[in-house]
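Asks: Input target-v1.cif, format and content: mmCIF, C-alpha atoms.
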```cif
data_my_file
#
loop_
_atom_site.label_atom_id
_atom_site.label_comp_id
_atom_site.auth_asym_id
_atom_site.auth_seq_id
_atom_site.Cartn_x
_atom_site.Cartn_y
_atom_site.Cartn_z
CA MET D 1 109.28 101.42 95.30
CA LYS D 2 111.15 104.25 96.91
CA THR D 3 110.62 105.36 100.42
CA LYS D 4 112.11 107.68 102.98
CA ILE D 5 113.29 107.40 106.53
CA ALA D 6 111.84 109.36 109.41
CA ALA D 7 112.93 109.60 113.01
CA ILE D 8 110.85 110.67 115.98
CA GLY D 9 112.33 111.33 119.38
CA GLU D 10 114.17 113.60 121.73
CA HIS D 11 115.94 116.56 120.24
CA ASP D 12 119.48 115.41 121.04
CA ILE D 13 119.08 112.06 119.37
CA MET D 14 117.39 113.55 116.34
CA LEU D 15 120.48 115.52 115.39
CA ILE D 16 122.43 112.41 114.54
CA PHE D 17 119.61 111.13 112.37
CA LYS D 18 119.48 114.43 110.62
CA ALA D 19 123.14 114.06 109.71
CA ILE D 20 122.50 110.85 107.80
CA GLY D 21 119.75 112.46 105.79
CA ALA D 22 116.65 111.19 107.53
CA GLU D 23 113.68 113.44 108.09
CA VAL D 24 113.45 114.24 111.76
CA PHE D 25 110.52 115.08 114.00
CA PRO D 26 111.88 116.23 117.33
CA VAL D 27 109.35 115.98 120.12
CA ALA D 28 109.48 116.82 123.79
CA ASP D 29 107.14 114.10 125.03
CA TYR D 30 104.97 111.28 123.78
CA ARG D 31 101.82 113.37 123.53
CA GLN D 32 103.36 115.29 120.67
CA ALA D 33 104.68 112.14 119.08
CA ALA D 34 101.39 110.35 118.38
CA PRO D 35 100.21 112.75 115.65
CA LYS D 36 103.74 112.80 114.25
CA ILE D 37 103.64 109.05 113.65
CA LYS D 38 100.36 109.35 111.79
CA GLU D 39 101.66 112.26 109.78
CA ALA D 40 104.87 110.46 108.87
CA SER D 41 103.09 107.33 107.74
CA LYS D 42 100.70 109.41 105.63
CA GLN D 43 103.57 111.20 103.98
CA GLY D 44 104.95 107.89 102.85
CA PHE D 45 107.87 107.30 105.14
CA GLY D 46 108.61 103.61 104.92
CA ILE D 47 110.80 103.34 107.96
CA ILE D 48 110.14 105.28 111.12
CA PHE D 49 112.67 105.23 113.90
CA ILE D 50 111.26 106.07 117.28
CA THR D 51 113.01 106.25 120.60
CA GLU D 52 112.20 103.71 123.23
CA THR D 53 110.99 106.09 125.90
CA ILE D 54 108.37 107.49 123.56
CA ALA D 55 107.45 104.18 121.99
CA ALA D 56 106.64 102.63 125.35
CA GLU D 57 103.90 105.22 125.88
CA LEU D 58 102.48 104.85 122.38
CA ASP D 59 102.07 101.12 122.33
CA GLU D 60 98.59 101.31 120.88
CA THR D 61 99.53 103.53 117.97
CA ILE D 62 102.50 101.39 117.11
CA ARG D 63 100.45 98.25 117.33
CA SER D 64 98.03 99.57 114.74
CA TYR D 65 100.85 99.70 112.19
CA GLU D 66 102.18 96.27 113.04
CA SER D 67 100.19 94.30 110.55
CA GLU D 68 100.71 96.82 107.74
CA PHE D 69 103.32 96.23 105.08
CA LEU D 70 104.53 99.81 105.46
CA PRO D 71 105.63 101.69 107.49
CA SER D 72 107.96 99.67 109.59
CA ILE D 73 108.35 101.26 112.97
CA VAL D 74 111.70 100.53 114.55
CA VAL D 75 112.32 101.22 118.18
CA ILE D 76 115.77 102.53 118.97
CA PRO D 77 117.21 102.80 122.45
CA GLY D 78 117.46 106.24 123.91
CA LEU D 79 119.92 107.62 126.37
CA GLY D 80 119.99 105.99 129.74
CA LYS D 81 118.78 102.59 130.72
CA SER D 82 116.87 100.51 128.21
CA ASN D 83 113.28 99.69 129.11
CA LYS D 84 113.27 96.51 127.00
CA TYR D 85 110.32 97.67 124.95
CA ALA D 86 111.58 96.09 121.74
CA THR D 87 112.24 92.69 123.24
CA LYS D 88 108.81 92.82 124.81
CA LYS D 89 107.29 93.41 121.38
CA LEU D 90 109.17 90.47 119.95
CA ARG D 91 107.98 88.27 122.77
CA GLN D 92 104.40 89.35 122.17
CA ALA D 93 104.66 88.47 118.51
CA ILE D 94 105.93 85.00 119.36
CA ILE D 95 103.18 84.40 121.87
CA LYS D 96 100.66 85.52 119.28
CA ALA D 97 102.02 83.07 116.74
CA MET D 98 102.84 80.05 118.83
CA GLY D 99 100.44 80.39 121.70
CA ILE D 100 103.34 80.00 124.11
CA ASP D 101 106.47 81.90 125.00
CA ILE D 102 109.45 80.10 123.54
CA MET D 103 111.95 82.92 123.60
CA PRO D 104 114.79 82.11 125.94
CA GLU D 105 115.59 84.59 128.68
CA LYS D 106 118.97 86.09 128.29
CA MET G 1 72.30 71.77 112.20
CA LEU G 2 71.11 68.21 112.45
CA ALA G 3 67.47 69.32 112.33
CA ASN G 4 67.97 71.01 108.98
CA VAL G 5 69.49 68.07 107.20
CA ASN G 6 67.54 66.55 104.36
CA ALA G 7 67.94 62.83 104.49
CA THR G 8 68.30 62.35 100.76
CA ARG G 9 70.89 60.84 98.53
CA MET G 10 71.50 64.20 96.89
CA GLU G 11 72.30 65.76 100.21
CA LEU G 12 74.55 62.85 101.14
CA LEU G 13 76.56 63.22 97.96
CA ARG G 14 76.84 66.94 98.44
CA LEU G 15 78.06 66.56 102.01
CA LYS G 16 80.60 63.93 101.08
CA ARG G 17 82.02 66.20 98.46
CA ARG G 18 82.23 69.08 100.90
CA LEU G 19 83.91 66.86 103.47
CA ASP G 20 86.57 65.88 100.96
CA LEU G 21 87.19 69.50 100.13
CA ALA G 22 87.37 70.49 103.77
CA LYS G 23 89.84 67.73 104.52
CA ARG G 24 92.05 68.73 101.64
CA GLY G 25 91.92 72.37 102.69
CA HIS G 26 92.71 71.43 106.24
CA LYS G 27 95.77 69.50 105.20
CA LEU G 28 97.06 72.33 103.03
CA LEU G 29 96.51 74.93 105.72
CA LYS G 30 98.14 72.74 108.31
CA ASP G 31 101.20 72.40 106.09
CA LYS G 32 101.27 76.13 105.59
CA GLN G 33 101.05 76.72 109.31
CA ASP G 34 103.91 74.32 110.01
CA GLU G 35 106.11 75.96 107.43
CA LEU G 36 105.36 79.46 108.72
CA MET G 37 106.17 78.33 112.24
CA ARG G 38 109.48 76.95 111.04
CA GLN G 39 110.33 80.20 109.29
CA LEU G 40 109.45 82.21 112.36
CA ARG G 41 111.44 79.98 114.65
CA ASN G 42 114.49 80.41 112.46
CA MET G 43 114.17 84.16 112.62
CA ILE G 44 113.52 84.65 116.30
CA ASP G 45 117.04 84.02 117.54
CA GLU G 46 118.52 86.06 114.76
CA VAL G 47 116.29 89.04 115.46
CA LYS G 48 116.87 88.83 119.15
CA ASP G 49 120.65 88.71 118.82
CA SER G 50 120.83 91.55 116.34
CA ARG G 51 118.44 93.59 118.46
CA LEU G 52 120.66 93.18 121.51
CA THR G 53 123.90 94.02 119.69
CA ILE G 54 122.28 96.99 118.00
CA GLU G 55 121.03 98.37 121.27
CA ARG G 56 124.46 98.09 122.77
CA GLU G 57 126.22 99.64 119.80
CA PHE G 58 123.73 102.40 119.32
CA GLN G 59 124.06 103.49 122.90
CA SER G 60 127.80 103.79 122.65
CA ILE G 61 127.52 105.72 119.40
CA LEU G 62 124.96 107.98 120.93
CA ARG G 63 127.12 108.55 123.95
CA ASN G 64 130.05 109.54 121.73
CA PHE G 65 127.82 111.83 119.77
CA ILE G 66 126.46 113.55 122.84
CA MET G 67 129.97 113.96 124.21
CA ALA G 68 131.12 115.46 120.94
CA LYS G 69 128.15 117.77 120.97
CA ALA G 70 128.93 118.86 124.49
CA LYS G 71 132.51 119.60 123.45
CA MET G 72 131.43 121.72 120.52
CA GLY G 73 128.51 123.38 122.21
CA PRO G 74 124.89 122.86 121.21
CA GLY G 75 124.61 125.91 119.00
CA GLN G 76 127.68 125.02 117.02
CA THR G 77 126.54 121.44 116.59
CA GLU G 78 123.18 122.40 115.23
CA GLU G 79 124.74 124.82 112.90
CA ALA G 80 127.16 122.20 111.64
CA LEU G 81 124.43 119.64 111.06
CA TYR G 82 121.78 122.03 109.86
CA MET G 83 122.14 121.21 106.19
CA PRO G 84 122.96 117.57 105.77
CA THR G 85 124.64 116.78 102.46
CA LYS G 86 123.90 113.14 102.71
CA LYS G 87 120.69 112.02 101.12
CA ILE G 88 119.30 108.68 101.95
CA SER G 89 116.50 106.89 100.27
CA VAL G 90 115.44 103.34 100.65
CA THR G 91 113.92 101.11 98.05
CA VAL G 92 111.38 98.66 99.32
CA GLU G 93 110.84 95.42 97.54
CA GLU G 94 108.24 92.85 98.30
CA LYS G 95 109.39 89.38 99.05
CA ASN G 96 106.91 86.58 99.07
CA LEU G 97 107.41 84.31 102.02
CA MET G 98 104.73 81.61 102.01
CA SER G 99 102.21 84.09 100.63
CA VAL G 100 103.15 86.61 103.30
CA LYS G 101 104.45 89.75 101.73
CA VAL G 102 107.49 90.95 103.59
CA PRO G 103 109.57 94.02 102.84
CA VAL G 104 113.21 94.00 101.75
CA TYR G 105 114.98 97.30 102.19
CA LYS G 106 117.85 98.44 100.10
CA ARG G 107 119.41 101.76 100.84
CA GLU G 108 120.71 104.23 98.36
CA VAL G 109 122.94 106.96 99.61
CA GLU G 110 124.34 110.07 98.11
CA GLY G 111 126.74 112.58 99.48
CA ASN G 112 129.11 112.61 102.36
CA ILE G 113 128.14 111.90 105.91
CA ILE G 114 130.06 114.92 107.17
CA PRO G 115 128.26 118.04 106.04
CA TYR G 116 130.56 120.61 107.62
CA GLY G 117 134.04 121.94 107.22
CA TYR G 118 136.61 120.60 109.62
CA LEU G 119 137.54 123.96 111.03
CA ASN G 120 135.02 124.53 113.80
CA THR G 121 134.12 120.99 114.68
CA SER G 122 135.73 118.39 116.85
CA GLY G 123 137.19 115.15 115.63
CA SER G 124 135.06 113.05 117.91
CA MET G 125 132.00 114.37 116.11
CA ASP G 126 133.40 113.07 112.84
CA GLN G 127 134.00 109.71 114.41
CA ALA G 128 130.55 109.50 115.89
CA LEU G 129 128.94 110.32 112.56
CA ILE G 130 131.06 107.90 110.59
CA SER G 131 130.36 105.04 112.97
CA PHE G 132 126.66 105.83 112.86
CA ASP G 133 126.74 105.82 109.09
CA LYS G 134 128.15 102.31 109.10
CA PHE G 135 125.71 101.31 111.76
CA LEU G 136 122.73 102.32 109.66
CA GLU G 137 123.02 99.26 107.46
CA GLN G 138 122.47 97.04 110.50
CA LEU G 139 119.58 99.18 111.60
CA LEU G 140 117.82 98.73 108.26
CA ASN G 141 118.45 95.03 108.41
CA LEU G 142 116.85 94.92 111.82
CA ALA G 143 113.88 96.94 110.60
CA GLU G 144 113.32 94.42 107.85
CA LYS G 145 113.59 91.43 110.16
CA GLU G 146 111.38 92.82 112.87
CA LYS G 147 108.70 93.64 110.36
CA THR G 148 108.94 90.16 108.91
CA VAL G 149 108.49 88.61 112.34
CA GLN G 150 105.43 90.75 113.00
CA LEU G 151 103.86 89.92 109.66
CA LEU G 152 104.62 86.23 110.02
CA ALA G 153 103.13 86.18 113.50
CA ASP G 154 99.95 87.77 112.19
CA GLU G 155 99.69 85.27 109.37
CA ILE G 156 100.31 82.32 111.65
CA GLN G 157 97.60 83.46 113.99
CA GLU G 158 95.15 83.74 111.15
CA THR G 159 96.10 80.40 109.66
CA ARG G 160 95.83 78.70 113.02
CA ARG G 161 92.34 80.04 113.46
CA ARG G 162 91.34 78.65 110.07
CA VAL G 163 92.94 75.28 110.74
CA ASN G 164 91.15 75.00 114.05
CA ALA G 165 87.81 76.03 112.59
CA LEU G 166 88.11 73.28 110.01
CA GLU G 167 89.46 70.67 112.35
CA TYR G 168 87.16 71.14 115.29
CA LYS G 169 84.00 72.56 113.78
CA LEU G 170 83.43 72.02 110.09
CA ILE G 171 84.84 68.54 109.59
CA PRO G 172 83.18 66.91 112.64
CA GLU G 173 79.90 68.51 111.67
CA PHE G 174 80.07 67.09 108.15
CA GLU G 175 80.94 63.68 109.49
CA LYS G 176 78.06 63.75 111.91
CA ASN G 177 75.59 64.74 109.21
CA ILE G 178 76.86 62.15 106.78
CA LYS G 179 76.45 59.47 109.41
CA TYR G 180 72.95 60.69 110.20
CA ILE G 181 71.87 60.67 106.58
CA SER G 182 73.31 57.26 105.76
CA MET G 183 71.63 55.79 108.82
CA LYS G 184 68.35 57.36 107.89
CA LEU G 185 68.63 56.04 104.35
CA GLU G 186 69.43 52.54 105.60
CA GLU G 187 66.43 52.68 107.86
CA ASN G 188 64.18 53.64 104.95
CA GLU G 189 65.62 50.84 102.92
CA MET G 190 64.94 48.36 105.68
CA ALA G 191 61.39 49.63 106.14
CA ASN G 192 60.82 49.17 102.45
CA THR G 193 62.10 45.60 102.44
CA VAL G 194 59.98 44.68 105.41
CA ARG G 195 56.93 46.18 103.76
CA LEU G 196 57.54 44.19 100.60
CA MET G 197 57.99 40.95 102.54
CA LYS G 198 54.80 41.60 104.43
CA LEU G 199 52.95 42.31 101.19
CA LYS G 200 54.25 39.11 99.65
CA ASP G 201 53.01 37.14 102.65
CA ILE G 202 49.53 38.63 102.28
CA VAL G 203 49.49 37.91 98.54
CA ARG G 204 50.65 34.31 99.07
CA SER G 205 48.02 33.54 101.71
CA HIS G 206 45.21 34.26 99.24
#
```
Written as structure tokens, how would this file's structure read?
Replies:
Amino acid sequence: MKTKIAAIGEHDIMLIFKAIGAEVFPVADYRQAAPKIKEASKQGFGIIFITETIAAELDETIRSYESEFLPSIVVIPGLGKSNKYATKKLRQAIIKAMGIDIMPEK
Amino acid sequence: MLANVNATRMELLRLKRRLDLAKRGHKLLKDKQDELMRQLRNMIDEVKDSRLTIEREFQSILRNFIMAKAKMGPGQTEEALYMPTKKISVTVEEKNLMSVKVPVYKREVEGNIIPYGYLNTSGSMDQALISFDKFLEQLLNLAEKEKTVQLLADEIQETRRRVNALEYKLIPEFEKNIKYISMKLEENEMANTVRLMKLKDIVRSH
């Protein structure tokens, strides 16, 4: 099955994704991004890259796609300091599965 | 439930059969859960490490890109990247991991990463783009792994709920009912014997 790549995030970061041939959805803030995620998943994008700053605000939307086979939403770090959203997600998944947190702090 | 149990041999047989089935199912599900846990545990460290390296690398690539963009000017950059020649598409295949369907991504690329002529653009832009192009492979790998972890976690949660329902609810209930019925049947049997003995006594005394 063929699928495409989409990227959602700040304008500056989107340019580099555009260069590699991904479809880009530049947004100014997270309120614009929520409908973009829905749109992208409806259009059949299998992989959606989303910047950390936006993802952190859209936790609920992202969570609703977690148990789906497609799309796979990948959080990428933005400019500036990382807010550890992706590691937090990983930790949540482990707690869900094991009942306890076994991920070592690093 | 105890009130609704028919103390008959039929019911006893039926319950025993169901208990056997439940025990077998419980064992299978437990095995499945253990295996899923093992798979997940193997993946966690891997995902975490690759996530950390990717975050580091991506930030440096991004910084280079932004610097290059600043050197060239925003208008020029957008113009240069306006029509990307590179086309990327990804094929998704399903992999069956303990009955959990997980995606495997394979990328197919066409065209060159640099869509512009070299005349008006800076060399650092070329470098940023080329390094990002290489980096993409890792990014896809991470996407695949993170999805797998999420799907596995979901499946484990579901399996655990089933295992617990069998272990702590269904199986004890069956055992309780079986005990109740067999005791009831024994009691009936005893009552019958006593009645017969009594009858025999009466008959003999005549």
Asks: Using all atoms listed in the file for the distances, tell me which of G:Arg24, G:Lys32, G:Pro84, G:Ser124 is nearest to Met67 in chain G.
Replies: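 When distances to Met67 in chain G are compared using all atoms listed in the file, the smallest one comes from G:Ser124.
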Asks: Taking 3 positions as the minimum chain separation for residues in the same chain, which residues sit within 7 Å of Pro26 in chain D when counting only C-alpha atoms? Answer as a PyMOL selection string.
Replies: chain D and resi 8-11+14
Asks: Using CA of Lys69 in chain G and CA of Thr53 in chain D as the two end points, give the distance in Å to one decimal.
Replies: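 The value is 21.3 Å.
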Asks: Show which residues sit within 7 Å of range 170-177 of chain G, as a VMD selection string. Count only C-alpha atoms, and ignore same-chain residues fewer than 2 positions away.
Replies: chain G and resid 2 15 19 22 165 to 168 179 to 181
Asks: Expanded to explicit residues, what is the PyMOL selection byres ((chain D and resi 90) around 10) for this file, as a list in words?
Replies: Tyr85, Ala86, Thr87, Lys88, Lys89, Arg91, Gln92, Ala93, Ile94, Ile95, Lys96 and Met103 of chain D; Ile44, Val47, Lys48, Arg51, Glu146, Val149, Gln150 and Ala153 of chain G
Asks: Pick the closest to chain D from G:Arg9, G:Arg204, G:Lys16, G:Arg56: which is it, counting only C-alpha atoms?
Replies: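 Among G:Arg9, G:Arg204, G:Lys16, G:Arg56, it is G:Arg56 that comes nearest to chain D.
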Asks: If I take CA of Lys42 in chain D and CA of Glu108 in chain G, how far is one from the other in Å, to one decimal?
Replies: 21.9 Å
Asks: Given the file shown, determine the residues that the PyMOL selection byres ((chain G and resi 79) around 12) selects; report them as a PDB file with C-alpha atoms, in the coordinates of the input.
Replies:
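As a result, expr_3.pdb now contains:
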```
ATOM      1  CA  LEU D  15     120.480 115.520 115.390  1.00  0.00           C
ATOM      2  CA  LYS D  18     119.480 114.430 110.620  1.00  0.00           C
ATOM      3  CA  ALA D  19     123.140 114.060 109.710  1.00  0.00           C
TER       4      ALA D  19
ATOM      5  CA  LYS G  69     128.150 117.770 120.970  1.00  0.00           C
ATOM      6  CA  MET G  72     131.430 121.720 120.520  1.00  0.00           C
ATOM      7  CA  GLY G  73     128.510 123.380 122.210  1.00  0.00           C
ATOM      8  CA  PRO G  74     124.890 122.860 121.210  1.00  0.00           C
ATOM      9  CA  GLY G  75     124.610 125.910 119.000  1.00  0.00           C
ATOM     10  CA  GLN G  76     127.680 125.020 117.020  1.00  0.00           C
ATOM     11  CA  THR G  77     126.540 121.440 116.590  1.00  0.00           C
ATOM     12  CA  GLU G  78     123.180 122.400 115.230  1.00  0.00           C
ATOM     13  CA  ALA G  80     127.160 122.200 111.640  1.00  0.00           C
ATOM     14  CA  LEU G  81     124.430 119.640 111.060  1.00  0.00           C
ATOM     15  CA  TYR G  82     121.780 122.030 109.860  1.00  0.00           C
ATOM     16  CA  MET G  83     122.140 121.210 106.190  1.00  0.00           C
ATOM     17  CA  PRO G  84     122.960 117.570 105.770  1.00  0.00           C
ATOM     18  CA  PRO G 115     128.260 118.040 106.040  1.00  0.00           C
ATOM     19  CA  TYR G 116     130.560 120.610 107.620  1.00  0.00           C
ATOM     20  CA  GLY G 117     134.040 121.940 107.220  1.00  0.00           C
ATOM     21  CA  ASN G 120     135.020 124.530 113.800  1.00  0.00           C
ATOM     22  CA  THR G 121     134.120 120.990 114.680  1.00  0.00           C
TER      23      THR G 121
END
```
Asks: When you get a chance, write out N, CA and C atoms for range 16-27 of chain D, as a CSV table (one decimal), keeping the file's coordinate frame.
Replies:
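Written out: selection_29.csv:
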```csv
chain,number,residue,atom,x,y,z
D,16,ILE,N,121.6,113.4,115.2
D,16,ILE,CA,122.4,112.4,114.5
D,16,ILE,C,121.7,111.8,113.4
D,17,PHE,N,120.4,111.7,113.5
D,17,PHE,CA,119.6,111.1,112.4
D,17,PHE,C,119.5,112.1,111.2
D,18,LYS,N,119.5,113.4,111.6
D,18,LYS,CA,119.5,114.4,110.6
D,18,LYS,C,120.7,114.4,109.8
D,19,ALA,N,121.9,114.1,110.4
D,19,ALA,CA,123.1,114.1,109.7
D,19,ALA,C,123.2,113.0,108.6
D,20,ILE,N,122.5,111.9,108.8
D,20,ILE,CA,122.5,110.8,107.8
D,20,ILE,C,121.4,111.1,106.7
D,21,GLY,N,120.7,112.1,106.9
D,21,GLY,CA,119.8,112.5,105.8
D,21,GLY,C,118.3,112.0,106.0
D,22,ALA,N,118.0,111.6,107.2
D,22,ALA,CA,116.6,111.2,107.5
D,22,ALA,C,115.9,112.4,107.9
D,23,GLU,N,114.6,112.3,107.7
D,23,GLU,CA,113.7,113.4,108.1
D,23,GLU,C,113.5,113.3,109.6
D,24,VAL,N,113.6,114.4,110.3
D,24,VAL,CA,113.4,114.2,111.8
D,24,VAL,C,112.3,115.0,112.3
D,25,PHE,N,111.6,114.4,113.3
D,25,PHE,CA,110.5,115.1,114.0
D,25,PHE,C,110.9,115.1,115.5
D,26,PRO,N,111.5,116.2,115.9
D,26,PRO,CA,111.9,116.2,117.3
D,26,PRO,C,110.6,116.5,118.2
D,27,VAL,N,110.5,115.8,119.2
D,27,VAL,CA,109.4,116.0,120.1
D,27,VAL,C,109.8,116.0,121.6
```
